[in-house]
Amino acid sequence: MQVASLWRYPVKSMMGEELNACSITEKGVHGDRAYGVVDQETGKLANAKNPKKWPDMFYYRAAYTEPIQSIGSIPPVRITMPNGDFVLSNEKEINERLSASFDRQVALGSPTLEKVEFEGYVPEEIKELEDRGTIFSKASPEGTFFDLAMVHIITTATIDRLRKLTPSSRIEPRRFRPNIIIDVPDVEGFVEEKWVDKIISIGDDVQLKIIQPTKRCVMTTLPQGDLPKDSNVLRTLAQQNNGNFGVYAEVVKTGRLQSGDSVVVR
């Protein structure tokens, strides 16, 4: 097995950037979810999990203005808005411009030591889900803008399996917003779920502990770029795999990763 690709999302719920290499810190891919858009009315994070309130999150793109050279340093991020204009995170007018774009009073923030909440919507049209049509609230892990854990992993085997289960859908990795995609040759099925509670070693240094499967949500159904809205993605996962796709991991040992690094499960 080896690393097929690496991804980072500088601003929570916005489109991110594919990487050739990255550093893994105690909080995952360095620079991942380093920023978030905060609703000034509620204090909660803007989140594509609630498309009723934030329908355009996937039409925003975020990328760092320059490579991250060292741990502890984060360069400004460039946010490209749906109309094609862009704004830098270090501009004085950043909050005013984002508020005008979202048509809500928002502010770009970074994680603090306090927990911050975000909302999610359970799509009503997918009968296999519980609490359909409801809004829920959850808190990010302390000091982060993550949903649950620091690293999200999917495999090529899982991607191929879902493609076979729903051939009418376009199953592409970007629907699932992974940090690491692992190429697992000659294996079928949701293979990474068998790694729960195991350690995976990647490259020369990095070790991650797989802690649980990733329960999917409405985000997997949303349009982004040329990918259409497709409720069948989440419906099929709910029918065939208890709603899971990929796994969450915590960092055991930090280090450097690059595409092509070998992956070993212990």
# chains A, B, ... in the order shown; residues from 1 in each chain; ligands from 1

$ residues_around --residues "segment 160-165 of chain A" --least-positions-apart "2" --cutoff "8 Å" --atoms "only C-alpha atoms" --output "list in words"
Thr156, Ala157, Thr158, Pro167, Ser169, Arg170, Ile171, Glu188, Gly189, Phe190, Thr236 and Leu237 of chain A

$ write_last_selection --atoms "N, CA and C atoms" --output "short mmCIF file (atom, residue, chain, number, x, y, z; two decimals), in the first residue's frame"
data_model
loop_
_atom_site.label_atom_id
_atom_site.label_comp_id
_atom_site.auth_asym_id
_atom_site.auth_seq_id
_atom_site.Cartn_x
_atom_site.Cartn_y
_atom_site.Cartn_z
N THR A 156 -8.52 3.58 -1.89
CA THR A 156 -9.00 3.35 -3.26
C THR A 156 -9.97 2.17 -3.31
N ALA A 157 -9.79 1.21 -2.41
CA ALA A 157 -10.70 0.06 -2.37
C ALA A 157 -12.11 0.49 -2.01
N THR A 158 -12.22 1.40 -1.05
CA THR A 158 -13.53 1.90 -0.63
C THR A 158 -14.18 2.73 -1.73
N PRO A 167 -23.56 2.68 -9.46
CA PRO A 167 -22.92 3.02 -10.74
C PRO A 167 -23.48 4.27 -11.41
N SER A 169 -23.94 7.07 -9.92
CA SER A 169 -23.37 8.24 -9.25
C SER A 169 -21.91 8.45 -9.63
N ARG A 170 -21.48 9.69 -9.55
CA ARG A 170 -20.07 10.01 -9.76
C ARG A 170 -19.38 10.01 -8.40
N ILE A 171 -18.66 8.94 -8.12
CA ILE A 171 -17.98 8.79 -6.83
C ILE A 171 -16.54 9.25 -7.00
N GLU A 188 -10.88 -5.61 -2.24
CA GLU A 188 -12.20 -5.05 -2.45
C GLU A 188 -12.88 -4.78 -1.11
N GLY A 189 -13.78 -3.81 -1.11
CA GLY A 189 -14.58 -3.55 0.08
C GLY A 189 -14.08 -2.37 0.88
N PHE A 190 -14.76 -2.12 2.00
CA PHE A 190 -14.44 -1.00 2.87
C PHE A 190 -13.30 -1.40 3.80
N THR A 236 -26.99 5.21 -0.49
CA THR A 236 -26.34 3.92 -0.71
C THR A 236 -25.46 3.54 0.48
N LEU A 237 -24.72 4.50 1.01
CA LEU A 237 -23.89 4.22 2.18
C LEU A 237 -24.74 3.81 3.38
#

$ select_by_dssp --residues "segment 7-213 of chain A" --states "strand (DSSP E)" --output "PyMOL selection string"
chain A and resi 7-8+17-19+21-25+28-29+36-39+61-64+77-80+86-88+106-109+117-121+135-139+151-155+180-183+199-202+206-213

$ write_last_selection --atoms "C-alpha atoms" --output "CSV table (one decimal), in the first residue's frame"
chain,number,residue,atom,x,y,z
A,7,TRP,CA,-5.3,17.0,0.9
A,8,ARG,CA,-5.5,20.1,3.1
A,17,GLU,CA,-5.8,22.0,-2.0
A,18,GLU,CA,-4.1,18.8,-3.1
A,19,LEU,CA,-0.5,18.5,-1.9
A,21,ALA,CA,3.9,16.5,0.6
A,22,CYS,CA,3.0,17.8,4.0
A,23,SER,CA,3.9,17.7,7.7
A,24,ILE,CA,1.9,15.8,10.2
A,25,THR,CA,1.6,17.5,13.6
A,28,GLY,CA,-3.0,16.4,11.8
A,29,VAL,CA,-1.9,17.9,8.4
A,36,GLY,CA,-13.0,28.9,10.1
A,37,VAL,CA,-15.9,31.3,9.3
A,38,VAL,CA,-17.8,32.2,12.5
A,39,ASP,CA,-21.4,33.3,12.4
A,61,ARG,CA,-12.0,27.9,-2.3
A,62,ALA,CA,-9.1,28.4,0.1
A,63,ALA,CA,-5.4,28.0,-0.5
A,64,TYR,CA,-2.3,29.3,1.2
A,77,VAL,CA,-4.8,32.2,3.0
A,78,ARG,CA,-6.4,33.3,-0.2
A,79,ILE,CA,-10.2,32.8,-0.3
A,80,THR,CA,-11.8,32.8,-3.7
A,86,PHE,CA,-10.7,36.8,-3.8
A,87,VAL,CA,-9.7,38.1,-0.4
A,88,LEU,CA,-6.6,37.5,1.8
A,106,VAL,CA,-19.4,36.6,9.8
A,107,ALA,CA,-15.7,36.7,10.9
A,108,LEU,CA,-12.7,34.7,9.9
A,109,GLY,CA,-11.2,33.1,13.0
A,117,GLU,CA,-20.1,24.4,17.9
A,118,PHE,CA,-21.3,23.8,14.4
A,119,GLU,CA,-24.6,22.7,13.0
A,120,GLY,CA,-25.6,19.9,10.7
A,121,TYR,CA,-28.8,19.0,8.7
A,135,ILE,CA,-30.8,20.3,12.6
A,136,PHE,CA,-28.2,19.1,15.2
A,137,SER,CA,-25.4,20.8,16.9
A,138,LYS,CA,-22.0,19.4,17.8
A,139,ALA,CA,-18.7,20.8,19.2
A,151,VAL,CA,-6.9,13.0,10.3
A,152,HIS,CA,-9.4,11.6,7.8
A,153,ILE,CA,-8.4,8.6,5.6
A,154,ILE,CA,-10.0,6.8,2.7
A,155,THR,CA,-8.7,4.1,0.4
A,180,ILE,CA,-5.0,11.0,3.0
A,181,ILE,CA,-6.0,8.6,0.2
A,182,ILE,CA,-4.3,5.2,0.4
A,183,ASP,CA,-3.9,3.0,-2.6
A,199,ILE,CA,-1.6,1.6,14.0
A,200,ILE,CA,-0.6,2.5,10.4
A,201,SER,CA,2.9,3.6,9.6
A,202,ILE,CA,3.4,5.9,6.7
A,206,VAL,CA,4.5,9.0,10.7
A,207,GLN,CA,2.3,6.7,12.8
A,208,LEU,CA,-1.5,7.1,13.0
A,209,LYS,CA,-4.0,5.2,15.2
A,210,ILE,CA,-7.3,4.4,13.5
A,211,ILE,CA,-10.0,5.2,16.0
A,212,GLN,CA,-13.4,4.8,14.2
A,213,PRO,CA,-15.2,4.7,10.9

$ residues_around --residues "Met1 of chain A" --least-positions-apart "4" --cutoff "6 Å" --atoms "only C-alpha atoms" --output "number ranges by chain"
A: 183-184, 262-263

$ write_last_selection --atoms "N, CA and C atoms" --output "mmCIF file, in the first residue's frame"
data_model
loop_
_atom_site.group_PDB
_atom_site.id
_atom_site.type_symbol
_atom_site.label_atom_id
_atom_site.label_comp_id
_atom_site.auth_asym_id
_atom_site.auth_seq_id
_atom_site.Cartn_x
_atom_site.Cartn_y
_atom_site.Cartn_z
ATOM 1 N N ASP A 183 -3.695 3.998 -1.578
ATOM 2 C CA ASP A 183 -3.913 3.029 -2.646
ATOM 3 C C ASP A 183 -3.732 1.623 -2.080
ATOM 4 N N VAL A 184 -4.809 0.846 -2.151
ATOM 5 C CA VAL A 184 -4.789 -0.537 -1.656
ATOM 6 C C VAL A 184 -5.061 -1.449 -2.853
ATOM 7 N N SER A 262 5.165 4.525 1.452
ATOM 8 C CA SER A 262 4.610 3.215 1.763
ATOM 9 C C SER A 262 3.745 3.289 3.018
ATOM 10 N N VAL A 263 2.735 2.419 3.087
ATOM 11 C CA VAL A 263 1.813 2.352 4.211
ATOM 12 C C VAL A 263 1.773 0.921 4.721
#

$ select_by_dssp --residues "segment 5-191 of chain A" --states "helix (DSSP H, G or I)" --output "list in words"
Met57, Phe58, Tyr59, Ile94, Asn95, Glu96, Arg97, Leu98, Ser99, Ala100, Ser101, Phe102, Thr156, Ala157, Thr158, Ile159, Asp160, Arg161, Leu162, Arg163, Lys164, Leu165, Pro173, Arg174, Arg175 and Val191 of chain A

$ write_last_selection --atoms "C-alpha atoms" --output "PDB file, in the first residue's frame"
ATOM      1  CA  MET A  57     -19.867  26.849   1.237  1.00  0.00           C
ATOM      2  CA  PHE A  58     -18.534  24.587  -1.508  1.00  0.00           C
ATOM      3  CA  TYR A  59     -18.390  27.536  -3.907  1.00  0.00           C
ATOM      4  CA  ILE A  94     -11.635  40.477   5.388  1.00  0.00           C
ATOM      5  CA  ASN A  95     -14.685  40.232   7.669  1.00  0.00           C
ATOM      6  CA  GLU A  96     -16.630  42.930   5.863  1.00  0.00           C
ATOM      7  CA  ARG A  97     -16.011  41.318   2.482  1.00  0.00           C
ATOM      8  CA  LEU A  98     -16.903  37.835   3.691  1.00  0.00           C
ATOM      9  CA  SER A  99     -20.048  39.161   5.386  1.00  0.00           C
ATOM     10  CA  ALA A 100     -21.131  40.815   2.149  1.00  0.00           C
ATOM     11  CA  SER A 101     -20.489  37.594   0.228  1.00  0.00           C
ATOM     12  CA  PHE A 102     -22.350  35.340   2.687  1.00  0.00           C
ATOM     13  CA  THR A 156      -9.005   3.354  -3.260  1.00  0.00           C
ATOM     14  CA  ALA A 157     -10.698   0.061  -2.370  1.00  0.00           C
ATOM     15  CA  THR A 158     -13.526   1.898  -0.626  1.00  0.00           C
ATOM     16  CA  ILE A 159     -13.913   4.330  -3.521  1.00  0.00           C
ATOM     17  CA  ASP A 160     -14.118   1.443  -5.992  1.00  0.00           C
ATOM     18  CA  ARG A 161     -16.595  -0.429  -3.804  1.00  0.00           C
ATOM     19  CA  LEU A 162     -19.000   2.500  -3.649  1.00  0.00           C
ATOM     20  CA  ARG A 163     -18.711   3.015  -7.407  1.00  0.00           C
ATOM     21  CA  LYS A 164     -19.890  -0.562  -7.913  1.00  0.00           C
ATOM     22  CA  LEU A 165     -22.735  -0.152  -5.418  1.00  0.00           C
ATOM     23  CA  PRO A 173     -12.673  11.504  -3.529  1.00  0.00           C
ATOM     24  CA  ARG A 174     -13.457  15.213  -3.252  1.00  0.00           C
ATOM     25  CA  ARG A 175     -17.017  14.379  -2.195  1.00  0.00           C
ATOM     26  CA  VAL A 191     -11.007  -2.220   3.883  1.00  0.00           C
TER      27      VAL A 191
END

$ residues_around --residues "Arg33 of chain A" --least-positions-apart "6" --cutoff "12 Å" --atoms "only C-alpha atoms" --output "PyMOL selection string"
chain A and resi 7-17+27+45+47+62-64+74+77+108-111+140+143-147+149-151+177+179

$ residues_around --residues "segment 126-129 of chain A" --least-positions-apart "6" --cutoff "12 Å" --atoms "only C-alpha atoms" --output "ChimeraX atom specification"
/A:215-218,221,230-243

$ write_last_selection --atoms "C-alpha atoms" --output "compact mmCIF listing (two decimals), in the first residue's frame"
# COMPACT_ATOMS: atom_id res chain seq x y z
CA LYS A 215 -20.11 8.42 9.60
CA ARG A 216 -21.14 10.37 6.51
CA CYS A 217 -23.53 13.29 6.29
CA VAL A 218 -25.31 15.55 3.81
CA THR A 221 -24.53 14.74 -1.54
CA ASP A 230 -26.64 13.37 -5.59
CA SER A 231 -28.61 12.07 -2.60
CA ASN A 232 -27.97 8.52 -3.78
CA VAL A 233 -24.38 8.70 -2.50
CA LEU A 234 -25.46 8.98 1.12
CA ARG A 235 -28.51 6.76 0.63
CA THR A 236 -26.34 3.92 -0.71
CA LEU A 237 -23.89 4.22 2.18
CA ALA A 238 -26.77 4.14 4.65
CA GLN A 239 -28.18 1.03 2.97
CA GLN A 240 -24.94 -0.85 2.40
CA ASN A 241 -22.43 0.19 5.10
CA ASN A 242 -24.24 1.74 8.06
CA GLY A 243 -23.58 5.19 6.59

$ closest_residue --among "A:Arg132, A:Arg256, A:Lys53, A:Arg104" --to "Ser70 of chain A" --atoms "only C-alpha atoms"
A:Arg256

$ closest_residue --among "A:Thr166, A:Tyr60, A:Thr65, A:Trp195" --to "Asp85 of chain A" --atoms "only C-alpha atoms"
A:Tyr60

$ atom_distance --atom1 "atom CA of Lys198 of chain A" --atom2 "atom CA of Val247 of chain A"
11.6 Å

$ closest_residue --among "A:Ala249, A:Gly133, A:Pro55, A:Pro223" --to "Asp103 of chain A" --atoms "only C-alpha atoms"
A:Pro55

$ decode --residues "segment 184-248 of chain A" --atoms "C-alpha atoms" --output "short mmCIF file (atom, residue, chain, number, x, y, z; two decimals), in the first residue's frame"
data_model
loop_
_atom_site.label_atom_id
_atom_site.label_comp_id
_atom_site.auth_asym_id
_atom_site.auth_seq_id
_atom_site.Cartn_x
_atom_site.Cartn_y
_atom_site.Cartn_z
CA VAL A 184 -4.79 -0.54 -1.66
CA PRO A 185 -4.23 -2.80 -4.68
CA ASP A 186 -6.02 -6.09 -5.25
CA VAL A 187 -8.44 -5.63 -2.33
CA GLU A 188 -12.20 -5.05 -2.45
CA GLY A 189 -14.58 -3.55 0.08
CA PHE A 190 -14.44 -1.00 2.87
CA VAL A 191 -11.01 -2.22 3.88
CA GLU A 192 -9.94 0.61 6.21
CA GLU A 193 -12.72 -0.21 8.66
CA LYS A 194 -10.76 -3.37 9.49
CA TRP A 195 -7.92 -1.14 10.70
CA VAL A 196 -9.85 0.34 13.65
CA ASP A 197 -7.70 0.24 16.83
CA LYS A 198 -4.61 -0.55 14.74
CA ILE A 199 -1.55 1.59 14.00
CA ILE A 200 -0.62 2.48 10.44
CA SER A 201 2.93 3.56 9.65
CA ILE A 202 3.41 5.88 6.68
CA GLY A 203 6.80 6.62 5.21
CA ASP A 204 9.78 6.82 7.56
CA ASP A 205 8.23 8.61 10.51
CA VAL A 206 4.46 9.02 10.69
CA GLN A 207 2.27 6.74 12.77
CA LEU A 208 -1.50 7.08 13.05
CA LYS A 209 -3.98 5.15 15.16
CA ILE A 210 -7.29 4.41 13.47
CA ILE A 211 -10.02 5.21 15.99
CA GLN A 212 -13.36 4.75 14.22
CA PRO A 213 -15.23 4.66 10.90
CA THR A 214 -16.35 7.99 9.48
CA LYS A 215 -20.11 8.42 9.60
CA ARG A 216 -21.14 10.37 6.51
CA CYS A 217 -23.53 13.29 6.29
CA VAL A 218 -25.31 15.55 3.81
CA MET A 219 -22.00 17.03 2.62
CA THR A 220 -21.38 13.96 0.46
CA THR A 221 -24.53 14.74 -1.54
CA LEU A 222 -23.85 18.40 -2.28
CA PRO A 223 -22.79 19.79 -5.66
CA GLN A 224 -19.24 21.05 -5.99
CA GLY A 225 -17.59 22.15 -9.19
CA ASP A 226 -18.82 19.81 -11.94
CA LEU A 227 -20.13 17.23 -9.44
CA PRO A 228 -23.94 17.36 -9.27
CA LYS A 229 -26.14 17.09 -6.20
CA ASP A 230 -26.64 13.37 -5.59
CA SER A 231 -28.61 12.07 -2.60
CA ASN A 232 -27.97 8.52 -3.78
CA VAL A 233 -24.38 8.70 -2.50
CA LEU A 234 -25.46 8.98 1.12
CA ARG A 235 -28.51 6.76 0.63
CA THR A 236 -26.34 3.92 -0.71
CA LEU A 237 -23.89 4.22 2.18
CA ALA A 238 -26.77 4.14 4.65
CA GLN A 239 -28.18 1.03 2.97
CA GLN A 240 -24.94 -0.85 2.40
CA ASN A 241 -22.43 0.19 5.10
CA ASN A 242 -24.24 1.74 8.06
CA GLY A 243 -23.58 5.19 6.59
CA ASN A 244 -19.78 4.86 6.90
CA PHE A 245 -17.09 5.76 4.38
CA GLY A 246 -13.43 6.04 5.45
CA VAL A 247 -11.95 6.28 8.94
CA TYR A 248 -10.77 8.84 11.47
#
